[in-house]
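S.K.: Quick one: this structure, given as structure tokens, is what I'll be asking you about.
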Amino acid sequence: MTRLIAKFKTQIQCCVVRAALLVLASVLTMPLTAAAADGQLSLVALQYREGHREAAIARRDEFMRRMRGGLAVITSADRSQPNLYERFTPDTENKDFVFLTGIYDSHPPGDVLVLNPDGDEFREVLYTDLAADEARRLSGIEHVFPRSRFLEHISSALTDYRNLRITQLRFKEVASDFARGWGNDEKLLYVNYPRFSNLSEPANPRLEFVARLREATGELVLQDAGDLLDPMRMIMDDFAMKNLRRAIEITGLGLQEGMRLARPGLRTLQIMHSVRYVYQLHGAPVGFTVVSPASNLNEALKWETTAEEEAARTGDALILPGTLVHFDTGAAMNHYAADIQRTVPADGRFTQEQRRIYEVVLDVQKTVIAAVRPGVTWDDLQALAMQRLRDAGGWDESYTYGIGHFIGMEVHEHGDYTAPLQPGMVIAIEQGAVVDGTRVAFEDDILVTRDGYDWLSRFIPIEIEEVEALRREQAVNRPEIFLEALP
């Protein structure tokens with residue numbers, strides 16, 4: 001019996017490793033961009049930005065209400081230290097700036113927002129190289145100065161307010177009001193630091209001003225602005241929900257087209273491009289798209305040619321008869337990104353064994369979703385999923401990731417994963433299992449409501465009958481027409 005258990009665990013480990021390698025290979029092809037291809041921006045995205053100015057005004061008011069006095073300096077960033085905790089995210093801290101200003105296009109070295117809740121006149125000041133009238137129109141911020149004046153104003157503000165002469169108060173109005181906000185004792189400064197740092201990289205140039213301020217005064221007390229921003233970003237306001245719902249709707253259209261299309265003879269990258277096309281047709285940048293084989297994961301990998309092997313390892317595997325195909329994808333709208341997974345049969349119908357595994361994993365998914373409500377913790381949901389998979393026959397051994405994450409301006413949004421869920425949060429619930437080389441996995445986007453949950457991605461087929469019915473539909477895209485056009 002001990003040998004059988006050991007053999008079983010070895011087989012599971014083999015399946016998990018292979019599944020991870022296939023997903024990793026596909027991740028290498030993911031376009032990590034928050035803007036449309038080639039810097040282009042769709043009319044739809046611009047239309048969905050309507051209301052951001054008003055949302056940003058309300059967000060700044062709320063942020064200053066949460067501050068314990070002092071100043072906040074929120075800088076935009078074209079690129080800061082890579083978010084290597086999971087994967088590279090090129091503009092993580094920039095989204096703090098977008099969240100509070102409604103300004104999406106900030107070129108290096110980046111714009112600066114200063115918030116001064118205890119100030120008199122200059123409570124909100126924007127430093128940017130945008131035309132001042134345009135910056136005011138986008139952000140609702142009255143006081144706009146060239147980016148080059150930021151250090152000038154902040155340097156003068158280091159002087160204790162009580163030491164400012166009447167002349168300085170008259171001719172250095174902005175700096176004097178900043179000094180008023182800072183007061184005469186400790187100078188509290190909130191800065192949007194990187195959420196995840198890579199200390200092996202060179203120092204972050206975006207934060208050089210912080211080191212200079214430290215050298216200039218012994219009264220500086222630093223606070224991570226993320227401590228205030230993350231709880232705000234975790235709760236979706238109307239503007240956020242409008243954009244996120246649109247991203248989920250577009251994801252549903254693209255994903256269903258990919259589910260219709262996935263069949264033997266095509267390659268995963270061809271399916272991936274078809275999904276992306278639908279996203280872009282609807283004006284949504286691609287948050288990410290991963291399409292990978294989900295069958296025979298316990299068998300040795302075999303290819304007819306070296307080129308076939310190289311393509312498969314970089315995310316372009318051939319879809320074989322009788323196999324399952326796994327999708328993990330999400331469109332984005334103005335940074336708000338969906339995150340959804342589905343598993344489909346390449347032949348259009350599940351085999352009896354595939355159906356058995358699928359039904360169990362789907363039951364776990366629905367059970368966990370049904371448990372979502374205010375007051376529940378991530379640990380509660382994780383434990384529930386693990387127990388249900390364990391009861392299925394030790395399937396939890398192959399479930400090697402967490403039950404989910406917040407979604408918002410990041411696909412994996414920043415937030416407090418130790419606190420209970422609250423109304424207004426949107427979370428992704430994801431789980432799956434690898435059984436005898438067959439992988440089935442799901443992920444759905446869920447809004448936490450006052451009395452439970454709203455399954456936002458439920459319109460995307462997930463029940464076996466729904467998936468097989470979708471597979472019988474004709475895909476709109478006909479890749480074979482183009483593929484047959486060239487030898």
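Residues in the structure tokens are named by chain (A, B, ... in the order shown) and by number from 1 within that chain; ligands are numbered from 1 in the order shown.
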Show me, as a tab-separated table, the residues of range 408-434 of chain A having an atom within 12 Å of range 267-288 of chain A, each with the closest atom pair and its distance in Å, using only C-alpha atoms.

M.R.:
residue	atom	partner	partner_atom	distance
A:Gly408	CA	A:Gly287	CA	11.5
A:Met409	CA	A:Gly287	CA	10.5
A:Glu410	CA	A:Gly287	CA	9.1
A:Val411	CA	A:Gly287	CA	7.4
A:His412	CA	A:Gly287	CA	10.9

S.K.: Looking only at strand (DSSP E) from DSSP on the backbone, list the matching residues of range 221-299 of chain A as an MDAnalysis selection string.

M.R.: chainID A and resid 221:224 286:293

S.K.: May I ask for the distance between CA of His143 in chain A and CA of Asn94 in chain A, given in Å to one decimal place?

M.R.: 20.6 Å

S.K.: Which residues of range 255-361 of chain A sit at most 12 Å from range 432-436 of chain A, using only C-alpha atoms? Give each one's shortest atom pair and distance in Å (one decimal place), in chain and ascending residue order, as JSON lines.

M.R.:
{"residue": "A:Ala294", "atom": "CA", "partner": "A:Val434", "partner_atom": "CA", "distance": 8.6}
{"residue": "A:Ser295", "atom": "CA", "partner": "A:Asp436", "partner_atom": "CA", "distance": 8.9}
{"residue": "A:Asn296", "atom": "CA", "partner": "A:Asp436", "partner_atom": "CA", "distance": 7.9}
{"residue": "A:Leu297", "atom": "CA", "partner": "A:Asp436", "partner_atom": "CA", "distance": 7.9}
{"residue": "A:Asn298", "atom": "CA", "partner": "A:Asp436", "partner_atom": "CA", "distance": 6.6}
{"residue": "A:Glu299", "atom": "CA", "partner": "A:Asp436", "partner_atom": "CA", "distance": 9.5}
{"residue": "A:Leu324", "atom": "CA", "partner": "A:Val434", "partner_atom": "CA", "distance": 11.8}
{"residue": "A:His326", "atom": "CA", "partner": "A:Gly432", "partner_atom": "CA", "distance": 11.0}
{"residue": "A:Gln341", "atom": "CA", "partner": "A:Gly432", "partner_atom": "CA", "distance": 10.0}
{"residue": "A:Arg342", "atom": "CA", "partner": "A:Gly432", "partner_atom": "CA", "distance": 10.4}
{"residue": "A:Thr343", "atom": "CA", "partner": "A:Gly432", "partner_atom": "CA", "distance": 10.1}
{"residue": "A:Glu353", "atom": "CA", "partner": "A:Val435", "partner_atom": "CA", "distance": 9.8}
{"residue": "A:Gln354", "atom": "CA", "partner": "A:Val435", "partner_atom": "CA", "distance": 9.5}
{"residue": "A:Arg355", "atom": "CA", "partner": "A:Val435", "partner_atom": "CA", "distance": 11.9}
{"residue": "A:Arg356", "atom": "CA", "partner": "A:Val435", "partner_atom": "CA", "distance": 10.3}
{"residue": "A:Ile357", "atom": "CA", "partner": "A:Val435", "partner_atom": "CA", "distance": 7.3}
{"residue": "A:Tyr358", "atom": "CA", "partner": "A:Gly432", "partner_atom": "CA", "distance": 9.2}
{"residue": "A:Glu359", "atom": "CA", "partner": "A:Gly432", "partner_atom": "CA", "distance": 11.2}
{"residue": "A:Val360", "atom": "CA", "partner": "A:Ala433", "partner_atom": "CA", "distance": 9.5}
{"residue": "A:Val361", "atom": "CA", "partner": "A:Gly432", "partner_atom": "CA", "distance": 6.1}

S.K.: From the set A:Ala247, A:Ala225, A:Val125, A:Ile429, which residue has the shortest atom-to-atom contact distance to Tyr336 in chain A, counting only C-alpha atoms?

M.R.: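 Residue with the minimum atom-to-atom distance to Tyr336 in chain A: A:Ala247.
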
S.K.: Give the helix (DSSP H, G or I) residues of range 96-330 of chain A, as DSSP finds them on the backbone, and put them as a count of residues only.

M.R.: 111

S.K.: Give me, as a PyMOL selection string, all polymer residues having an atom no more than 9 Å from Ala55 in chain A, counting only C-alpha atoms and skipping those fewer than 2 positions away in the same chain.

M.R.: chain A and resi 51-53+57-60+99-102+237-240

S.K.: Please provide as an MDAnalysis selection string all residues within 12 Å of Gln474 in chain A, with the sequence filter that same-chain residues fewer than 6 positions apart are discarded (counting only C-alpha atoms).

M.R.: chainID A and resid 256:263 348

S.K.: With a distance cut-off of 12 Å and only C-alpha atoms, select the neighbouring residues of Asp227 in chain A, excluding the residue or stretch itself and same-chain residues fewer than 5 positions from it, and output the selection as a list in words.

M.R.: Phe63, Arg66, Met67, Arg68, Asp96, Tyr190, Val191, Asn192, Tyr193, Pro194, Arg195, Leu222, Met232, Arg233, Met234, His414, Gly415 and Asp416 of chain A

S.K.: I need the chosen residues saved as a CSV table (one decimal), in the first residue's frame, with C-alpha atoms.

M.R.:
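The new file result-v4.csv reads:
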chain,number,residue,atom,x,y,z
A,63,PHE,CA,-7.8,59.5,0.0
A,66,ARG,CA,-7.9,58.7,5.1
A,67,MET,CA,-4.5,60.5,5.4
A,68,ARG,CA,-3.2,61.4,8.9
A,96,ASP,CA,-2.1,54.7,-8.7
A,190,TYR,CA,2.9,59.3,1.7
A,191,VAL,CA,4.6,57.9,-1.4
A,192,ASN,CA,3.3,55.2,-3.9
A,193,TYR,CA,6.1,52.7,-3.5
A,194,PRO,CA,6.3,49.6,-5.7
A,195,ARG,CA,4.0,46.8,-4.3
A,222,LEU,CA,7.5,58.1,5.3
A,232,MET,CA,-9.9,52.0,-2.0
A,233,ARG,CA,-9.0,50.1,-5.2
A,234,MET,CA,-10.4,46.9,-3.6
A,414,HIS,CA,-3.4,44.5,-4.9
A,415,GLY,CA,-5.3,44.2,-1.6
A,416,ASP,CA,-5.6,42.7,1.8

S.K.: Find the residue from A:Val448, A:Ala317, A:Ala385, A:Ala179 that sits nearest to Gly70 in chain A; use only C-alpha atoms when measuring.

M.R.: A:Ala179

S.K.: Rank nothing, just name the residue among A:Asp230, A:Pro117, A:Glu249, A:Arg471 nearest to Leu188 in chain A, using only C-alpha atoms.

M.R.: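 Smallest distance to Leu188 in chain A is found for A:Pro117.
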
S.K.: Of the candidates A:Asn334, A:Thr329, A:Thr251, A:Thr217, which shows the shortest atom-to-atom distance to Thr289 in chain A, using only C-alpha atoms?

M.R.: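 The shortest atom-to-atom distance to Thr289 in chain A comes from A:Thr329.
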
S.K.: Between CA of Trp378 in chain A and CA of Phe97 in chain A, what distance in Å does the model show, to one decimal?

M.R.: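 Answer for the CA of Trp378 in chain A to CA of Phe97 in chain A separation: 28.1 Å.
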
S.K.: Determine the nearest neighbour of Pro345 in chain A from the options A:Gly181, A:Gly322, A:Pro374, A:Pro202, counting only C-alpha atoms.

M.R.: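 Checking each candidate against Pro345 in chain A, we get A:Gly322 as the closest.
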
S.K.: Which of these, A:Val98, A:Ile154, A:Leu115, A:Leu213, has the shortest distance to Leu138 in chain A once you count only C-alpha atoms?

M.R.: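 That would be A:Val98, the residue with the smallest distance to Leu138 in chain A.
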
S.K.: If you count only C-alpha atoms, which residues fall within 8 Å of Phe122 in chain A, apart from same-chain ones fewer than 2 positions away, as a list in words?

M.R.: Asn116, Gly119, Asp120, Glu124, Val125, His143, Val174, Asp177 and Phe178 of chain A

S.K.: Would you export the selected residues with N, CA and C atoms as an mmCIF file, in the first residue's frame, please?

M.R.:
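Saved to part-v9.cif:
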data_model
loop_
_atom_site.group_PDB
_atom_site.id
_atom_site.type_symbol
_atom_site.label_atom_id
_atom_site.label_comp_id
_atom_site.auth_asym_id
_atom_site.auth_seq_id
_atom_site.Cartn_x
_atom_site.Cartn_y
_atom_site.Cartn_z
ATOM 1 N N ASN A 116 -2.540 67.652 -0.306
ATOM 2 C CA ASN A 116 -2.184 68.437 0.878
ATOM 3 C C ASN A 116 -3.460 68.715 1.672
ATOM 4 N N GLY A 119 -3.762 71.844 3.796
ATOM 5 C CA GLY A 119 -3.434 73.101 3.152
ATOM 6 C C GLY A 119 -4.633 74.031 3.103
ATOM 7 N N ASP A 120 -4.374 75.241 2.657
ATOM 8 C CA ASP A 120 -5.426 76.239 2.578
ATOM 9 C C ASP A 120 -5.967 76.320 1.152
ATOM 10 N N GLU A 124 -4.648 70.308 -3.818
ATOM 11 C CA GLU A 124 -4.373 69.385 -4.922
ATOM 12 C C GLU A 124 -3.530 70.119 -5.954
ATOM 13 N N VAL A 125 -2.350 69.585 -6.245
ATOM 14 C CA VAL A 125 -1.458 70.221 -7.219
ATOM 15 C C VAL A 125 -0.931 69.143 -8.154
ATOM 16 N N HIS A 143 -4.928 73.503 -9.914
ATOM 17 C CA HIS A 143 -3.555 74.014 -9.865
ATOM 18 C C HIS A 143 -2.628 73.065 -10.611
ATOM 19 N N VAL A 174 2.649 78.257 -3.278
ATOM 20 C CA VAL A 174 2.468 76.806 -3.292
ATOM 21 C C VAL A 174 3.312 76.148 -2.211
ATOM 22 N N ASP A 177 2.024 76.814 1.244
ATOM 23 C CA ASP A 177 0.834 76.038 1.612
ATOM 24 C C ASP A 177 1.203 74.577 1.889
ATOM 25 N N PHE A 178 2.195 74.063 1.152
ATOM 26 C CA PHE A 178 2.698 72.716 1.466
ATOM 27 C C PHE A 178 3.306 72.701 2.871
#
